[in-house]
Structure formats: structure tokens, C-alpha cells
$ cat entry_20.txt   # compact mmCIF, N, CA and C atoms and all ligand atoms
# COMPACT_ATOMS: atom_id res chain seq x y z
N MET A 1 -11.70 -5.47 24.66
CA MET A 1 -10.33 -5.93 24.48
C MET A 1 -9.37 -4.74 24.60
N ILE A 2 -8.38 -4.89 25.44
CA ILE A 2 -7.36 -3.85 25.57
C ILE A 2 -6.35 -4.04 24.45
N PHE A 3 -6.06 -2.94 23.78
CA PHE A 3 -5.17 -3.03 22.62
C PHE A 3 -3.98 -2.13 22.85
N THR A 4 -2.80 -2.64 22.71
CA THR A 4 -1.60 -1.84 22.86
C THR A 4 -0.80 -1.86 21.58
N ARG A 5 -0.09 -0.78 21.38
CA ARG A 5 0.78 -0.69 20.22
C ARG A 5 1.99 -1.60 20.37
N GLY A 6 2.69 -1.76 19.30
CA GLY A 6 3.91 -2.54 19.35
C GLY A 6 3.90 -3.54 18.22
N ILE A 7 4.65 -4.58 18.38
CA ILE A 7 4.73 -5.63 17.37
C ILE A 7 3.92 -6.81 17.89
N SER A 8 3.07 -7.34 17.05
CA SER A 8 2.21 -8.44 17.44
C SER A 8 2.68 -9.73 16.76
N VAL A 9 3.06 -10.68 17.56
CA VAL A 9 3.50 -11.97 17.01
C VAL A 9 2.32 -12.60 16.27
N GLY A 10 2.59 -13.06 15.09
CA GLY A 10 1.54 -13.70 14.31
C GLY A 10 0.82 -12.77 13.36
N CYS A 11 1.08 -11.47 13.46
CA CYS A 11 0.46 -10.52 12.54
C CYS A 11 1.33 -10.44 11.28
N GLY A 12 0.73 -10.68 10.14
CA GLY A 12 1.47 -10.69 8.89
C GLY A 12 2.01 -9.34 8.48
N TYR A 13 1.48 -8.27 9.07
CA TYR A 13 1.98 -6.93 8.76
C TYR A 13 3.08 -6.50 9.74
N CYS A 14 3.04 -7.02 10.96
CA CYS A 14 4.12 -6.74 11.92
C CYS A 14 5.37 -7.53 11.55
N ALA A 15 5.16 -8.77 11.17
CA ALA A 15 6.28 -9.67 10.88
C ALA A 15 6.05 -10.36 9.54
N PRO A 16 6.20 -9.60 8.45
CA PRO A 16 5.93 -10.20 7.14
C PRO A 16 6.97 -11.24 6.78
N GLY A 17 6.54 -12.31 6.16
CA GLY A 17 7.48 -13.33 5.72
C GLY A 17 8.27 -12.85 4.52
N ASN A 18 7.57 -12.19 3.62
CA ASN A 18 8.20 -11.78 2.37
C ASN A 18 7.39 -10.64 1.78
N GLU A 19 8.00 -9.50 1.59
CA GLU A 19 7.30 -8.39 0.95
C GLU A 19 8.31 -7.57 0.16
N THR A 20 7.81 -6.87 -0.86
CA THR A 20 8.67 -6.06 -1.72
C THR A 20 8.57 -4.62 -1.23
N VAL A 21 9.54 -4.22 -0.42
CA VAL A 21 9.53 -2.88 0.17
C VAL A 21 10.05 -1.88 -0.85
N LEU A 22 9.28 -0.82 -1.08
CA LEU A 22 9.67 0.25 -2.01
C LEU A 22 10.28 1.43 -1.27
N TRP A 23 9.83 1.62 -0.05
CA TRP A 23 10.31 2.74 0.77
C TRP A 23 10.02 2.40 2.22
N ARG A 24 10.93 2.75 3.11
CA ARG A 24 10.71 2.50 4.54
C ARG A 24 11.03 3.75 5.33
N GLY A 25 10.10 4.17 6.15
CA GLY A 25 10.30 5.28 7.05
C GLY A 25 10.25 4.79 8.49
N ASP A 26 10.45 5.72 9.43
CA ASP A 26 10.41 5.35 10.84
C ASP A 26 9.03 4.86 11.26
N LYS A 27 8.00 5.41 10.66
CA LYS A 27 6.64 5.12 11.11
C LYS A 27 5.84 4.23 10.18
N CYS A 28 6.16 4.28 8.91
CA CYS A 28 5.42 3.45 7.97
C CYS A 28 6.30 3.07 6.79
N ARG A 29 5.80 2.14 5.99
CA ARG A 29 6.55 1.67 4.83
C ARG A 29 5.59 1.51 3.66
N VAL A 30 6.18 1.48 2.46
CA VAL A 30 5.40 1.28 1.24
C VAL A 30 5.87 -0.02 0.62
N ILE A 31 4.93 -0.89 0.30
CA ILE A 31 5.29 -2.13 -0.38
C ILE A 31 4.55 -2.23 -1.70
N LEU A 32 5.15 -2.97 -2.63
CA LEU A 32 4.47 -3.33 -3.87
C LEU A 32 3.76 -4.65 -3.61
N ALA A 33 2.45 -4.61 -3.67
CA ALA A 33 1.66 -5.80 -3.35
C ALA A 33 1.83 -6.86 -4.44
N ASP A 34 1.67 -8.10 -4.06
CA ASP A 34 1.71 -9.21 -5.01
C ASP A 34 0.27 -9.50 -5.42
N GLU A 35 -0.19 -8.74 -6.41
CA GLU A 35 -1.58 -8.83 -6.85
C GLU A 35 -1.60 -8.97 -8.38
N PRO A 36 -1.45 -10.21 -8.88
CA PRO A 36 -1.39 -10.41 -10.34
C PRO A 36 -2.62 -9.82 -11.05
N GLY A 37 -2.35 -9.09 -12.10
CA GLY A 37 -3.43 -8.44 -12.84
C GLY A 37 -3.60 -6.98 -12.46
N PHE A 38 -2.91 -6.56 -11.40
CA PHE A 38 -3.01 -5.16 -10.96
C PHE A 38 -1.61 -4.57 -10.84
N ASP A 39 -1.14 -3.96 -11.91
CA ASP A 39 0.19 -3.35 -11.90
C ASP A 39 0.23 -2.14 -10.96
N GLY A 40 1.20 -2.11 -10.10
CA GLY A 40 1.42 -0.94 -9.26
C GLY A 40 0.58 -0.88 -7.99
N TRP A 41 -0.12 -1.95 -7.66
CA TRP A 41 -0.93 -1.97 -6.41
C TRP A 41 0.03 -1.91 -5.25
N CYS A 42 -0.05 -0.85 -4.46
CA CYS A 42 0.85 -0.67 -3.31
C CYS A 42 0.06 -0.65 -2.01
N ARG A 43 0.76 -0.89 -0.94
CA ARG A 43 0.17 -0.71 0.40
C ARG A 43 1.10 0.19 1.20
N VAL A 44 0.49 1.10 1.95
CA VAL A 44 1.22 1.90 2.93
C VAL A 44 0.86 1.31 4.29
N ILE A 45 1.86 0.78 4.97
CA ILE A 45 1.62 0.03 6.21
C ILE A 45 2.24 0.77 7.38
N TRP A 46 1.44 1.07 8.39
CA TRP A 46 1.97 1.63 9.64
C TRP A 46 2.82 0.56 10.29
N ASN A 47 4.06 0.90 10.69
CA ASN A 47 4.99 -0.13 11.15
C ASN A 47 4.56 -0.79 12.45
N GLU A 48 4.05 0.01 13.39
CA GLU A 48 3.59 -0.56 14.65
C GLU A 48 2.20 -1.15 14.46
N HIS A 49 1.89 -2.09 15.32
CA HIS A 49 0.56 -2.69 15.26
C HIS A 49 -0.48 -1.73 15.84
N VAL A 50 -1.10 -1.01 14.94
CA VAL A 50 -2.16 -0.06 15.28
C VAL A 50 -3.38 -0.47 14.47
N ARG A 51 -4.52 -0.50 15.12
CA ARG A 51 -5.71 -1.06 14.48
C ARG A 51 -6.44 -0.06 13.60
N GLU A 52 -6.71 1.13 14.12
CA GLU A 52 -7.58 2.08 13.42
C GLU A 52 -6.85 3.39 13.13
N LEU A 53 -7.30 4.09 12.08
CA LEU A 53 -6.74 5.40 11.75
C LEU A 53 -6.88 6.35 12.93
N SER A 54 -7.98 6.26 13.64
CA SER A 54 -8.23 7.16 14.78
C SER A 54 -7.40 6.80 16.01
N ASP A 55 -6.65 5.69 15.97
CA ASP A 55 -5.72 5.37 17.05
C ASP A 55 -4.45 6.21 16.95
N LEU A 56 -4.18 6.78 15.78
CA LEU A 56 -3.00 7.63 15.61
C LEU A 56 -3.30 9.03 16.13
N ASP A 57 -2.26 9.71 16.63
CA ASP A 57 -2.48 11.11 17.00
C ASP A 57 -2.48 11.95 15.71
N GLU A 58 -2.79 13.22 15.87
CA GLU A 58 -3.00 14.06 14.69
C GLU A 58 -1.75 14.15 13.82
N ALA A 59 -0.59 14.28 14.44
CA ALA A 59 0.65 14.38 13.66
C ALA A 59 0.94 13.09 12.91
N GLU A 60 0.72 11.96 13.59
CA GLU A 60 0.94 10.67 12.94
C GLU A 60 -0.02 10.48 11.76
N ARG A 61 -1.26 10.84 11.99
CA ARG A 61 -2.28 10.70 10.94
C ARG A 61 -1.91 11.58 9.74
N GLY A 62 -1.45 12.78 10.02
CA GLY A 62 -1.03 13.68 8.95
C GLY A 62 0.16 13.11 8.18
N HIS A 63 1.11 12.54 8.90
CA HIS A 63 2.27 11.91 8.25
C HIS A 63 1.81 10.77 7.35
N LEU A 64 0.96 9.90 7.88
CA LEU A 64 0.50 8.73 7.11
C LEU A 64 -0.25 9.17 5.86
N MET A 65 -1.18 10.11 6.02
CA MET A 65 -1.96 10.52 4.86
C MET A 65 -1.10 11.29 3.86
N GLY A 66 -0.06 11.96 4.34
CA GLY A 66 0.89 12.61 3.43
C GLY A 66 1.63 11.59 2.59
N ILE A 67 2.02 10.48 3.20
CA ILE A 67 2.71 9.42 2.46
C ILE A 67 1.74 8.80 1.44
N VAL A 68 0.50 8.57 1.86
CA VAL A 68 -0.50 8.00 0.93
C VAL A 68 -0.66 8.93 -0.28
N ALA A 69 -0.79 10.22 -0.03
CA ALA A 69 -0.99 11.18 -1.13
C ALA A 69 0.24 11.25 -2.03
N LYS A 70 1.43 11.24 -1.43
CA LYS A 70 2.64 11.30 -2.26
C LYS A 70 2.82 10.01 -3.06
N LEU A 71 2.48 8.90 -2.48
CA LEU A 71 2.53 7.63 -3.23
C LEU A 71 1.53 7.68 -4.38
N GLU A 72 0.32 8.15 -4.09
CA GLU A 72 -0.69 8.27 -5.15
C GLU A 72 -0.15 9.12 -6.29
N ARG A 73 0.43 10.26 -5.96
CA ARG A 73 0.95 11.17 -7.00
C ARG A 73 2.10 10.52 -7.76
N THR A 74 2.93 9.77 -7.06
CA THR A 74 4.06 9.06 -7.71
C THR A 74 3.54 8.02 -8.70
N LEU A 75 2.52 7.27 -8.29
CA LEU A 75 1.97 6.24 -9.17
C LEU A 75 1.29 6.86 -10.39
N ILE A 76 0.62 7.98 -10.18
CA ILE A 76 0.00 8.68 -11.32
C ILE A 76 1.09 9.12 -12.29
N GLY A 77 2.16 9.69 -11.76
CA GLY A 77 3.24 10.16 -12.62
C GLY A 77 3.95 9.04 -13.35
N ALA A 78 4.13 7.91 -12.66
CA ALA A 78 4.89 6.81 -13.25
C ALA A 78 4.07 5.98 -14.22
N LEU A 79 2.78 5.84 -13.95
CA LEU A 79 2.00 4.84 -14.68
C LEU A 79 0.80 5.40 -15.45
N GLN A 80 0.43 6.64 -15.21
CA GLN A 80 -0.73 7.26 -15.88
C GLN A 80 -1.99 6.37 -15.84
N PRO A 81 -2.44 6.01 -14.66
CA PRO A 81 -3.66 5.19 -14.58
C PRO A 81 -4.89 5.99 -14.96
N VAL A 82 -5.97 5.28 -15.23
CA VAL A 82 -7.25 5.93 -15.51
C VAL A 82 -7.80 6.59 -14.25
N LYS A 83 -7.59 5.91 -13.09
CA LYS A 83 -8.12 6.36 -11.80
C LYS A 83 -7.31 5.70 -10.70
N MET A 84 -7.21 6.36 -9.56
CA MET A 84 -6.61 5.75 -8.36
C MET A 84 -7.74 5.29 -7.43
N ASN A 85 -7.54 4.14 -6.81
CA ASN A 85 -8.44 3.66 -5.77
C ASN A 85 -7.68 3.66 -4.45
N LEU A 86 -8.31 4.10 -3.38
CA LEU A 86 -7.74 4.07 -2.03
C LEU A 86 -8.67 3.28 -1.13
N ALA A 87 -8.09 2.47 -0.25
CA ALA A 87 -8.93 1.72 0.68
C ALA A 87 -8.15 1.37 1.93
N ALA A 88 -8.85 1.37 3.05
CA ALA A 88 -8.31 0.86 4.31
C ALA A 88 -9.33 -0.14 4.84
N LEU A 89 -9.00 -1.40 4.76
CA LEU A 89 -9.93 -2.44 5.18
C LEU A 89 -9.30 -3.20 6.35
N GLY A 90 -8.48 -4.20 6.04
CA GLY A 90 -7.74 -4.90 7.09
C GLY A 90 -8.61 -5.52 8.16
N THR A 91 -9.71 -6.10 7.77
CA THR A 91 -10.60 -6.70 8.76
C THR A 91 -10.01 -7.99 9.32
N ALA A 92 -9.44 -8.80 8.45
CA ALA A 92 -8.89 -10.08 8.89
C ALA A 92 -7.59 -9.88 9.67
N ALA A 93 -6.75 -8.95 9.23
CA ALA A 93 -5.50 -8.63 9.93
C ALA A 93 -5.61 -7.18 10.37
N PRO A 94 -6.10 -6.94 11.58
CA PRO A 94 -6.38 -5.57 12.01
C PRO A 94 -5.11 -4.77 12.31
N HIS A 95 -4.39 -4.50 11.27
CA HIS A 95 -3.15 -3.73 11.35
C HIS A 95 -3.28 -2.64 10.28
N LEU A 96 -3.30 -1.39 10.73
CA LEU A 96 -3.60 -0.25 9.85
C LEU A 96 -2.72 -0.22 8.61
N HIS A 97 -3.36 -0.20 7.45
CA HIS A 97 -2.66 -0.04 6.17
C HIS A 97 -3.64 0.46 5.13
N PHE A 98 -3.09 1.18 4.16
CA PHE A 98 -3.90 1.68 3.05
C PHE A 98 -3.49 0.98 1.77
N HIS A 99 -4.47 0.60 1.00
CA HIS A 99 -4.24 0.12 -0.36
C HIS A 99 -4.27 1.34 -1.27
N VAL A 100 -3.27 1.47 -2.11
CA VAL A 100 -3.18 2.58 -3.07
C VAL A 100 -3.05 1.91 -4.44
N ILE A 101 -4.12 1.98 -5.22
CA ILE A 101 -4.26 1.06 -6.37
C ILE A 101 -4.50 1.84 -7.66
N PRO A 102 -3.53 1.83 -8.57
CA PRO A 102 -3.78 2.43 -9.88
C PRO A 102 -4.71 1.52 -10.68
N ARG A 103 -5.68 2.11 -11.34
CA ARG A 103 -6.62 1.32 -12.13
C ARG A 103 -6.42 1.61 -13.62
N PHE A 104 -6.47 0.55 -14.39
CA PHE A 104 -6.27 0.62 -15.83
C PHE A 104 -7.39 -0.15 -16.52
N GLU A 105 -7.68 0.25 -17.74
CA GLU A 105 -8.70 -0.48 -18.50
C GLU A 105 -8.30 -1.92 -18.74
N THR A 106 -6.99 -2.20 -18.61
CA THR A 106 -6.48 -3.57 -18.82
C THR A 106 -6.32 -4.35 -17.52
N ASP A 107 -6.70 -3.77 -16.37
CA ASP A 107 -6.46 -4.50 -15.12
C ASP A 107 -7.46 -5.64 -14.95
N ALA A 108 -7.31 -6.41 -13.88
CA ALA A 108 -7.99 -7.70 -13.76
C ALA A 108 -9.50 -7.64 -13.71
N ASN A 109 -10.08 -6.52 -13.33
CA ASN A 109 -11.54 -6.45 -13.36
C ASN A 109 -12.07 -5.03 -13.50
N PHE A 110 -11.37 -4.24 -14.28
CA PHE A 110 -11.83 -2.88 -14.59
C PHE A 110 -13.21 -2.95 -15.26
N PRO A 111 -14.13 -2.07 -14.92
CA PRO A 111 -14.07 -1.01 -13.92
C PRO A 111 -14.66 -1.42 -12.57
N ASP A 112 -14.82 -2.71 -12.36
CA ASP A 112 -15.42 -3.17 -11.10
C ASP A 112 -14.44 -2.98 -9.94
N PRO A 113 -14.92 -3.03 -8.70
CA PRO A 113 -14.03 -2.94 -7.54
C PRO A 113 -12.98 -4.05 -7.57
N VAL A 114 -11.80 -3.76 -7.04
CA VAL A 114 -10.69 -4.71 -7.13
C VAL A 114 -10.97 -6.00 -6.37
N TRP A 115 -11.87 -5.96 -5.42
CA TRP A 115 -12.13 -7.17 -4.62
C TRP A 115 -13.24 -8.04 -5.19
N THR A 116 -13.68 -7.78 -6.40
CA THR A 116 -14.60 -8.70 -7.06
C THR A 116 -13.77 -9.76 -7.79
N GLU A 117 -14.43 -10.76 -8.33
CA GLU A 117 -13.72 -11.85 -9.00
C GLU A 117 -12.89 -11.33 -10.17
N ARG A 118 -11.66 -11.78 -10.26
CA ARG A 118 -10.76 -11.32 -11.34
C ARG A 118 -11.07 -12.04 -12.64
N ARG A 119 -11.11 -11.26 -13.71
CA ARG A 119 -11.35 -11.84 -15.03
C ARG A 119 -10.05 -12.38 -15.63
N HIS A 120 -8.91 -11.88 -15.15
CA HIS A 120 -7.62 -12.41 -15.57
C HIS A 120 -6.58 -12.06 -14.51
N ARG A 121 -5.40 -12.63 -14.64
CA ARG A 121 -4.30 -12.37 -13.70
C ARG A 121 -3.03 -12.03 -14.47
N ASN A 122 -3.20 -11.26 -15.52
CA ASN A 122 -2.07 -10.90 -16.37
C ASN A 122 -1.58 -9.50 -16.05
N SER A 123 -0.34 -9.40 -15.62
CA SER A 123 0.28 -8.10 -15.42
C SER A 123 0.94 -7.66 -16.71
N ARG A 124 0.87 -6.38 -17.01
CA ARG A 124 1.48 -5.84 -18.23
C ARG A 124 2.95 -5.51 -18.01
N LEU A 125 3.29 -5.15 -16.78
CA LEU A 125 4.62 -4.63 -16.49
C LEU A 125 5.46 -5.67 -15.76
N ASP A 126 6.76 -5.62 -15.96
CA ASP A 126 7.69 -6.48 -15.24
C ASP A 126 7.75 -6.01 -13.78
N ARG A 127 7.44 -6.92 -12.88
CA ARG A 127 7.31 -6.56 -11.46
C ARG A 127 8.62 -6.01 -10.87
N ASN A 128 9.74 -6.65 -11.16
CA ASN A 128 11.01 -6.19 -10.59
C ASN A 128 11.42 -4.84 -11.15
N ALA A 129 11.22 -4.65 -12.44
CA ALA A 129 11.56 -3.35 -13.05
C ALA A 129 10.66 -2.25 -12.49
N LEU A 130 9.38 -2.58 -12.31
CA LEU A 130 8.46 -1.60 -11.73
C LEU A 130 8.87 -1.25 -10.30
N ALA A 131 9.25 -2.25 -9.52
CA ALA A 131 9.68 -1.99 -8.14
C ALA A 131 10.89 -1.06 -8.13
N ASP A 132 11.84 -1.29 -9.02
CA ASP A 132 13.03 -0.42 -9.08
C ASP A 132 12.64 1.02 -9.44
N ARG A 133 11.75 1.16 -10.42
CA ARG A 133 11.30 2.50 -10.83
C ARG A 133 10.64 3.23 -9.67
N LEU A 134 9.76 2.53 -8.98
CA LEU A 134 9.02 3.18 -7.89
C LEU A 134 9.93 3.47 -6.70
N ARG A 135 10.89 2.59 -6.41
CA ARG A 135 11.85 2.86 -5.33
C ARG A 135 12.59 4.18 -5.60
N ASP A 136 13.03 4.33 -6.83
CA ASP A 136 13.74 5.56 -7.19
C ASP A 136 12.83 6.78 -7.02
N ALA A 137 11.59 6.65 -7.46
CA ALA A 137 10.67 7.78 -7.41
C ALA A 137 10.27 8.15 -5.98
N LEU A 138 10.32 7.18 -5.07
CA LEU A 138 9.87 7.42 -3.68
C LEU A 138 11.00 7.85 -2.75
N GLN A 139 12.22 7.97 -3.27
CA GLN A 139 13.36 8.29 -2.40
C GLN A 139 13.21 9.62 -1.67
N ALA A 140 12.43 10.54 -2.23
CA ALA A 140 12.33 11.87 -1.64
C ALA A 140 11.34 11.94 -0.48
N LEU A 141 10.66 10.84 -0.15
CA LEU A 141 9.66 10.90 0.92
C LEU A 141 10.33 11.18 2.26
N PRO A 142 9.66 11.92 3.15
CA PRO A 142 10.22 12.17 4.48
C PRO A 142 10.21 10.90 5.32
N VAL A 143 11.33 10.63 5.97
CA VAL A 143 11.47 9.37 6.70
C VAL A 143 10.65 9.35 7.98
N SER A 144 10.47 10.51 8.62
CA SER A 144 9.66 10.51 9.85
C SER A 144 8.79 11.74 9.92
ZN ZN B 1 0.48 -6.03 13.15
$ encode --input "entry_20.txt" --output "C-alpha cells"
Amino acid sequence: MIFTRGISVGCGYCAPGNETVLWRGDKCRVILADEPGFDGWCRVIWNEHVRELSDLDEAERGHLMGIVAKLERTLIGALQPVKMNLAALGTAAPHLHFHVIPRFETDANFPDPVWTERRHRNSRLDRNALADRLRDALQALPVS
């Protein structure tokens, strides 16, 4: 299959119906995921439809991983999680994105992996207030 960059009609990451954007740059954006039971679960999404990390050139890859690391550090500073989890899966929607997930003893299935069955769906923090806090904290990220 020949794969080209750009915007792909029908891809939920290229054309999201509704997402809570915390920060937007020229190449990627950070959203607060809607994952009840997991406070602060964010995704860093490459804006163009790119399938794999290795499809990016070295500078792009460095930019993306820099944003992931700065987001991780921001979430640690804001929320003091027990541990951070990072993942790039996207098998069903092959559009490059990283999950950046603070883990807490109170989260939906601590200490098991986040993709196992949830024992509860209770968030401790107010989602809108958390989004505002994180937007403020992420303002210093480089746009491109
Ligand atoms: Zn896409």
C-alpha cells in the first residue's frame, strides 16, 4: 500500500469531531483524552496523517519526542503521579500519536496496564479545571 502524508478523510485523528486541545503546534498537538478513571491522560498527536514514528525525519522525530518529554515533565509537576506510562499503539487508526498517562494508586486499574478492564471510572479531578491548568503549563512549548 502506498501511503502519503496529508489529511485523511475518515481518520479520527486527522479530522476529530470533538477533542480537548491543551496545546497546538505546527506539527503536533496535545489533547486531554476522555478516559474516565484516568486523570491527566493525554495524547500527543502528529497533525499530518503519518503512520509510523520512522516515517518522520530525524528533526521531526526529535521535535515530537521533545514534546512528549515536556508533556511528561509537565504532568509530573502538575499531578505528582506514582509513574508515567508512554505508549504508541494506534493499530485501529494508524495515525501516529503517543499516549502520555500519569498513573495513580487511585486510577481505574492501578497497577495493571491501562488497557485492561477498568475496575472503576471515577475521576478525582475536575476535567475542565485540569484542562485549564495544563493549558497554562504547556504555553511555553515550542510551536514548530
Ligand atoms: Zn489521520
$ closest_atom_pairs --input "entry_20.txt" --of "chain A" --to "ligand ZN 1 (chain B)" --cutoff "8 Å" --atoms "only C-alpha atoms and all ligand atoms" --output "CSV"
residue,atom,partner,partner_atom,distance
A:Gly6,CA,B:ZN1,ZN,7.9
A:Ile7,CA,B:ZN1,ZN,6.0
A:Ser8,CA,B:ZN1,ZN,5.2
A:Val9,CA,B:ZN1,ZN,7.7
A:Gly10,CA,B:ZN1,ZN,7.8
A:Cys11,CA,B:ZN1,ZN,4.5
A:Gly12,CA,B:ZN1,ZN,6.4
A:Tyr13,CA,B:ZN1,ZN,4.7
A:Cys14,CA,B:ZN1,ZN,3.9
A:Ala15,CA,B:ZN1,ZN,7.2
A:Asn47,CA,B:ZN1,ZN,7.7
A:Glu48,CA,B:ZN1,ZN,6.5
A:His49,CA,B:ZN1,ZN,4.0
A:Val50,CA,B:ZN1,ZN,6.9
A:Ala93,CA,B:ZN1,ZN,7.3
A:Pro94,CA,B:ZN1,ZN,7.0
A:His95,CA,B:ZN1,ZN,4.7
A:Leu96,CA,B:ZN1,ZN,7.8
$ closest_atom_pairs --input "entry_20.txt" --of "segment 29-67 of chain A" --to "segment 133-140 of chain A" --cutoff "10 Å" --atoms "only C-alpha atoms" --output "tab-separated table"
residue	atom	partner	partner_atom	distance
A:Val30	CA	A:Leu138	CA	9.0
A:Ile31	CA	A:Arg135	CA	9.6
A:Leu32	CA	A:Leu134	CA	8.9
A:Gly40	CA	A:Leu134	CA	8.8
A:Ile67	CA	A:Leu138	CA	9.6
$ write_last_selection --input "entry_20.txt" --atoms "N, CA and C atoms" --output "compact mmCIF listing (two decimals), in the coordinates of the input"
# COMPACT_ATOMS: atom_id res chain seq x y z
N VAL A 30 6.18 1.48 2.46
CA VAL A 30 5.40 1.28 1.24
C VAL A 30 5.87 -0.02 0.62
N ILE A 31 4.93 -0.89 0.30
CA ILE A 31 5.29 -2.13 -0.38
C ILE A 31 4.55 -2.23 -1.70
N LEU A 32 5.15 -2.97 -2.63
CA LEU A 32 4.47 -3.33 -3.87
C LEU A 32 3.76 -4.65 -3.61
N GLY A 40 1.20 -2.11 -10.10
CA GLY A 40 1.42 -0.94 -9.26
C GLY A 40 0.58 -0.88 -7.99
N ILE A 67 2.02 10.48 3.20
CA ILE A 67 2.71 9.42 2.46
C ILE A 67 1.74 8.80 1.44
$ select_by_dssp --input "entry_20.txt" --residues "chain A" --states "helix (DSSP H, G or I)" --output "NGL selection string"
:A and (53-55 or 58-79 or 127-137)
$ residues_around --input "entry_20.txt" --residues "segment 99-102 of chain A" --least-positions-apart "6" --cutoff "5 Å" --atoms "all atoms listed in the file" --output "PyMOL selection string"
chain A and resi 40-43+83-88
$ closest_residue --input "entry_20.txt" --among "A:Arg124, A:Arg61, A:Lys70, A:Arg24" --to "Phe38 of chain A" --atoms "all atoms listed in the file"
A:Arg124
